[in-house]
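Asker: Take this structure first; my questions come after.
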Amino acid sequence: MIAKVYITLKSGVLDPQGKTVQHALESLAFNEVRDVRIGKYIEIRLADADQKVSEKRVKEMCEKLLANTVIESYRYEIVS
Amino acid sequence: MKFGIIVFPGSNCDRDCYQTVHAVQRQPATYIWHKETKLPKVDCLILPGGFSYGDYLRTGAIARFSPIMKEVIPFAKKGGLVLGICNGFQVLTEAGLLPGVLMRNSNLQFICKTVSLKVENTSTLFTKRYAPSPLVPSAPPVPLGHPPRQAGRFPSRGGGRVVVKMPIAHGDGNYYADAETLKRLEGEGQVVFRYEGENPNGSLASIAGIVNKQGNILGMMPHPERCAEKMFGNEDGRKLFESLVKG
C-alpha cells in the first residue's frame with residue numbers, strides 16, 4: 001500500500017514561493033492563472049493493513065510530524 | 001549557573017554559545033548530544049543555531065523528536081531556563097514549547113546581516129540587564145508655562161524602550177501565529193524582541209523573539225552569542241547572558 005500525502009500552506013497564510021511562480025507564469029502569458037500554492041508531496045510505502053486502520057495511522061503521521069498544522073493543511077489518499 | 005548546550009546533528013552555533021557562557025561569562029558549561037536520554041544537572045539549556053537534520057521537512061521538525069527532547073520538554077515545563085537561538089527557536093516552536101511557527105523568509109532568501117532590535121520587555125530573566133540604567137540622566141521636567149521641549153535635545157528613552165544591534169542569519173525567520181495567539185503574546189508582554197525599522201523576513205508584527213507565559217523559555221532569531229564580547233566589535237548580546245548569570 002502507498003499513502004500519498006499532500007501538504008500545502010493554509011489558505012490564509014502567504015505563500016511567497018507560490019506568488020513568485022504565479023508571476024512567472026503570468027509573464028509567460030498564462031493569463032488564466034489565478035493563484036499558485038506550492039506544497040509538498042510525500043509518498044509512504046506501508047505494510048498491507050486494513051484500509052481504515054491505515055488511514056488512521058497516516059492521519060496520525062500528518063498531525064504528529066509531516067504537517068505543522070499551525071500553518072499547513074494536509075490531505076492524503078491510500079492506494080494499493 | 002550551569003549551562004547545558006544541546007548539540008543536534010547540524011547544529012553549528014553550539015561552540016559560539018559555549019565560548020560565551022564559559023569563556024566570557026565564566027560559567028560551567030557542558031555539551032549535550034541529542035542522543036542522550038538523561039539531562040545532566042544544569043540550570044539553563046541552550047538550543048543553538050544551525051541546520052539540525054539539514055532542515056529536512058521543516059526547520060526543527062525532526063530535531064524536535066530527538067531523544068534528548070523527551071527530557072528538555074519536562075525540564076522546560078517545570079520552569080527550567082531554556083534559550084533557543086535561531087534554529088533553537090524553530091525547534092522550540094515545533095516542540096510546542098513556544099507558540100507559533102517560523103516560516104520561510106518572505107523574500108525567499110537566506111539573510112545574513114546585522115539588524116536593529118527593540119527590546120520590548122526588559123523585565124524578563126533574559127533581558128533585565130537591558131533595562132535603561134537609572135543612572136543615565138533623563139531630561140529634566142519642563143516647568144509649567146514653558147513651551148514644550150524641542151524634540152531631539154535629549155535622547156528619548158520612551159519608558160524603557162531600548163534599541164540594540166544583533167546579527168541575524170537565517171532562511172526561515174518569518175514568525176507567524178494566528179490572530180488570537182498574537183493578541184495574547186502582545187497583551188502578556190511576551191514579545192521580547194522586535195525588528196526596529198526594516199522588517200527583514202516578513203515576520204508578523206516584526207517579531208524577532210518571544211518568551212512563554214511563565215517567562216522561562218525564550219526563543220529568538222537574532223544571535224546574541226555572536227555579539228557578546230569586545231573582540232566581535234559589538235557587545236549588544238552580552239547583556240542577555242549577564243541577565244541570566246548575574247540576575
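Here, A, B, ... name the chains of the C-alpha cells in the order displayed, residue numbers run from 1 inside each chain, and ligands are numbered from 1 in the same displayed order.
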For chain A against chain B, with a cut-off of 7 Å and counting only C-alpha atoms, what is the closest atom pair and its distance in Å to one decimal for every residue that makes the cut, ordered by chain and number, as CSV?
Answerer:
residue,atom,partner,partner_atom,distance
A:Pro16,CA,B:Ser106,CA,5.9
A:Leu65,CA,B:Ala61,CA,6.9
A:Val70,CA,B:Gly100,CA,6.9
Asker: Using the chain letters and numbers from this document, which residues of segment 52-200 of chain B does DSSP assign to strand (DSSP E), as a tab-separated table (two decimals) with N, CA and C atoms, in the first residue's frame?
Answerer:
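Dumped everything to out28.tsv:
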chain	number	residue	atom	x	y	z
B	81	LEU	N	15.24	27.06	32.84
B	81	LEU	CA	15.51	28.10	31.84
B	81	LEU	C	15.92	27.47	30.52
B	82	VAL	N	15.29	27.90	29.45
B	82	VAL	CA	15.63	27.40	28.12
B	82	VAL	C	15.76	28.58	27.17
B	83	LEU	N	16.90	28.62	26.46
B	83	LEU	CA	17.13	29.67	25.47
B	83	LEU	C	17.31	29.02	24.11
B	84	GLY	N	16.44	29.34	23.18
B	84	GLY	CA	16.54	28.80	21.83
B	84	GLY	C	16.92	29.92	20.87
B	85	ILE	N	18.06	29.76	20.21
B	85	ILE	CA	18.55	30.80	19.31
B	85	ILE	C	18.44	30.28	17.87
B	101	VAL	N	5.10	29.66	14.64
B	101	VAL	CA	5.97	28.89	13.75
B	101	VAL	C	6.87	29.86	12.99
B	102	LEU	N	8.05	29.40	12.61
B	102	LEU	CA	8.95	30.21	11.80
B	102	LEU	C	8.88	29.73	10.35
B	103	MET	N	8.38	30.58	9.48
B	103	MET	CA	8.21	30.20	8.08
B	103	MET	C	9.39	30.73	7.26
B	111	ILE	N	19.10	35.39	4.86
B	111	ILE	CA	19.53	36.75	5.20
B	111	ILE	C	20.59	36.68	6.29
B	112	CYS	N	21.71	37.33	6.03
B	112	CYS	CA	22.83	37.32	6.96
B	112	CYS	C	23.30	38.76	7.12
B	113	LYS	N	22.87	39.42	8.18
B	113	LYS	CA	23.30	40.80	8.39
B	113	LYS	C	22.97	41.24	9.82
B	114	THR	N	23.48	42.41	10.17
B	114	THR	CA	23.18	42.95	11.50
B	114	THR	C	21.93	43.80	11.40
B	115	VAL	N	21.02	43.60	12.36
B	115	VAL	CA	19.76	44.34	12.34
B	115	VAL	C	19.57	45.09	13.66
B	116	SER	N	18.70	46.10	13.64
B	116	SER	CA	18.33	46.80	14.86
B	116	SER	C	17.15	46.10	15.49
B	117	LEU	N	17.21	45.97	16.81
B	117	LEU	CA	16.15	45.29	17.55
B	117	LEU	C	15.68	46.15	18.69
B	118	LYS	N	14.40	46.19	18.85
B	118	LYS	CA	13.84	46.86	20.00
B	118	LYS	C	13.69	45.80	21.11
B	119	VAL	N	14.21	46.08	22.29
B	119	VAL	CA	13.97	45.16	23.41
B	119	VAL	C	12.66	45.62	24.03
B	162	VAL	N	14.50	50.18	24.50
B	162	VAL	CA	15.93	50.10	24.23
B	162	VAL	C	16.13	49.48	22.86
B	163	VAL	N	17.02	50.07	22.09
B	163	VAL	CA	17.32	49.50	20.77
B	163	VAL	C	18.76	49.00	20.75
B	164	VAL	N	18.93	47.76	20.30
B	164	VAL	CA	20.26	47.16	20.22
B	164	VAL	C	20.49	46.64	18.80
B	165	LYS	N	21.73	46.24	18.53
B	165	LYS	CA	22.04	45.65	17.22
B	165	LYS	C	22.53	44.22	17.42
B	166	MET	N	21.98	43.33	16.62
B	166	MET	CA	22.43	41.92	16.67
B	166	MET	C	22.41	41.34	15.27
B	167	PRO	N	23.29	40.38	15.02
B	167	PRO	CA	23.26	39.74	13.70
B	167	PRO	C	22.14	38.72	13.56
B	168	ILE	N	21.59	38.61	12.37
B	168	ILE	CA	20.68	37.51	12.06
B	168	ILE	C	21.32	36.71	10.92
B	169	ALA	N	20.99	35.45	10.84
B	169	ALA	CA	21.50	34.58	9.77
B	169	ALA	C	20.54	33.41	9.63
B	170	HIS	N	19.51	33.60	8.80
B	170	HIS	CA	18.52	32.53	8.68
B	170	HIS	C	17.74	32.61	7.37
B	174	ASN	N	10.57	33.99	9.54
B	174	ASN	CA	9.32	34.71	9.33
B	174	ASN	C	8.28	34.20	10.34
B	175	TYR	N	8.21	34.86	11.48
B	175	TYR	CA	7.34	34.38	12.56
B	175	TYR	C	5.87	34.53	12.18
B	176	TYR	N	5.11	33.50	12.48
B	176	TYR	CA	3.67	33.53	12.22
B	176	TYR	C	2.92	32.86	13.36
B	191	VAL	N	6.22	39.40	23.70
B	191	VAL	CA	7.10	39.79	22.59
B	191	VAL	C	8.29	40.51	23.22
B	192	VAL	N	9.45	39.89	23.16
B	192	VAL	CA	10.63	40.42	23.86
B	192	VAL	C	11.51	41.23	22.91
B	193	PHE	N	11.69	40.73	21.69
B	193	PHE	CA	12.47	41.44	20.68
B	193	PHE	C	11.63	41.66	19.43
B	194	ARG	N	11.78	42.89	18.89
B	194	ARG	CA	11.07	43.22	17.66
B	194	ARG	C	12.05	43.92	16.72
B	195	TYR	N	11.98	43.57	15.44
B	195	TYR	CA	12.85	44.26	14.47
B	195	TYR	C	12.47	45.73	14.46
Asker: Which of these residues is nearest to Gln190 of chain B, using only C-alpha atoms: B:Ser243, B:Thr127, B:Asn87, B:Ser11?
Answerer: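 The shortest atom-to-atom distance to Gln190 of chain B comes from B:Thr127.
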Asker: What does the distance from atom CA of Tyr76 of chain A to atom CA of Thr20 of chain A come to in Å, to one decimal?
Answerer: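 Interatomic distance here is 26.2 Å.
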Asker: Which residues, written as a PDB file with C-alpha atoms, in the first residue's frame, have at least one atom at most 7 Å from Met1 of chain A, with only C-alpha atoms counted and residues fewer than 6 positions away on the same chain left out?
Answerer:
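Output contents, as saved in part.pdb:
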ATOM      1  CA  ARG A  45       5.048   2.775   1.378  1.00  0.00           C
ATOM      2  CA  LEU A  46       3.081   0.920   4.020  1.00  0.00           C
ATOM      3  CA  ALA A  47       2.771  -2.663   5.126  1.00  0.00           C
ATOM      4  CA  ASP A  48      -0.566  -4.032   3.964  1.00  0.00           C
ATOM      5  CA  ILE A  78      -4.113   5.427   0.225  1.00  0.00           C
ATOM      6  CA  VAL A  79      -3.752   3.260  -2.840  1.00  0.00           C
ATOM      7  CA  SER A  80      -2.865  -0.374  -3.026  1.00  0.00           C
TER       8      SER A  80
END
Asker: Quick one: pick out all helix (DSSP H, G or I) residues within chain A from a backbone DSSP run and write them as a list in words.
Answerer: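 Taking chain A and keeping helix (DSSP H, G or I) only, one gets Pro16, Gln17, Gly18, Lys19, Thr20, Val21, Gln22, His23, Ala24, Leu25, Glu26, Ser27, Gln51, Lys52, Val53, Ser54, Glu55, Lys56, Arg57, Val58, Lys59, Glu60, Met61, Cys62, Glu63, Lys64, Leu65 and Leu66 of chain A.
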Asker: Excluding Glu55 of chain A and its own-chain neighbours fewer than 3 positions away, which residues fall within 10 Å of it when counting only C-alpha atoms? Please give them as a list in words.
Answerer: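 Counting only the stated atoms, we get Ala3, Ala49, Asp50, Gln51, Lys52, Val58, Lys59, Glu60, Met61, Tyr76, Glu77 and Ile78 of chain A.
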Asker: I'd like the neighbourhood of Asp43 of chain B as a VMD selection string, where a residue qualifies if any of its atoms comes within 8 Å (using only C-alpha atoms), though same-chain residues fewer than 3 positions away should be ignored.
Answerer: chain B and resid 1 to 4 80 to 81
Asker: Go ahead and write the selection's residues with C-alpha atoms as an mmCIF file, in the first residue's frame.
Answerer:
data_model
loop_
_atom_site.group_PDB
_atom_site.id
_atom_site.type_symbol
_atom_site.label_atom_id
_atom_site.label_comp_id
_atom_site.auth_asym_id
_atom_site.auth_seq_id
_atom_site.Cartn_x
_atom_site.Cartn_y
_atom_site.Cartn_z
ATOM 1 C CA MET B 1 24.895 28.922 36.830
ATOM 2 C CA LYS B 2 25.449 25.707 34.932
ATOM 3 C CA PHE B 3 24.651 25.692 31.229
ATOM 4 C CA GLY B 4 23.863 22.739 29.017
ATOM 5 C CA GLY B 80 13.896 25.327 33.877
ATOM 6 C CA LEU B 81 15.513 28.103 31.839
#
Asker: Within 8 Å of Asp15 of chain A, counting only C-alpha atoms, which residues show up once you throw out same-chain ones fewer than 5 positions away? Write them as a ChimeraX atom specification, please.
Answerer: /A:9,37-38
Asker: Just the residues within 9 Å of Thr8 of chain A, please, counting only C-alpha atoms, with nothing from its chain fewer than 4 positions along; format it as a PDB file with C-alpha atoms, in the first residue's frame.
Answerer:
ATOM      1  CA  ARG A  37       0.133  27.399  -3.967  1.00  0.00           C
ATOM      2  CA  ILE A  38       3.292  25.369  -3.536  1.00  0.00           C
ATOM      3  CA  GLY A  39       3.351  22.393  -1.241  1.00  0.00           C
ATOM      4  CA  LYS A  40       4.978  19.082  -0.507  1.00  0.00           C
ATOM      5  CA  TYR A  41       4.173  15.663  -1.821  1.00  0.00           C
ATOM      6  CA  ALA A  67       2.498  18.828   8.642  1.00  0.00           C
ATOM      7  CA  ILE A  71       0.267  26.940   9.004  1.00  0.00           C
ATOM      8  CA  GLU A  72      -0.209  23.831   6.879  1.00  0.00           C
ATOM      9  CA  SER A  73      -3.128  21.699   5.864  1.00  0.00           C
ATOM     10  CA  TYR A  74      -2.831  18.176   4.544  1.00  0.00           C
ATOM     11  CA  ARG A  75      -4.779  15.580   2.655  1.00  0.00           C
TER      12      ARG A  75
END
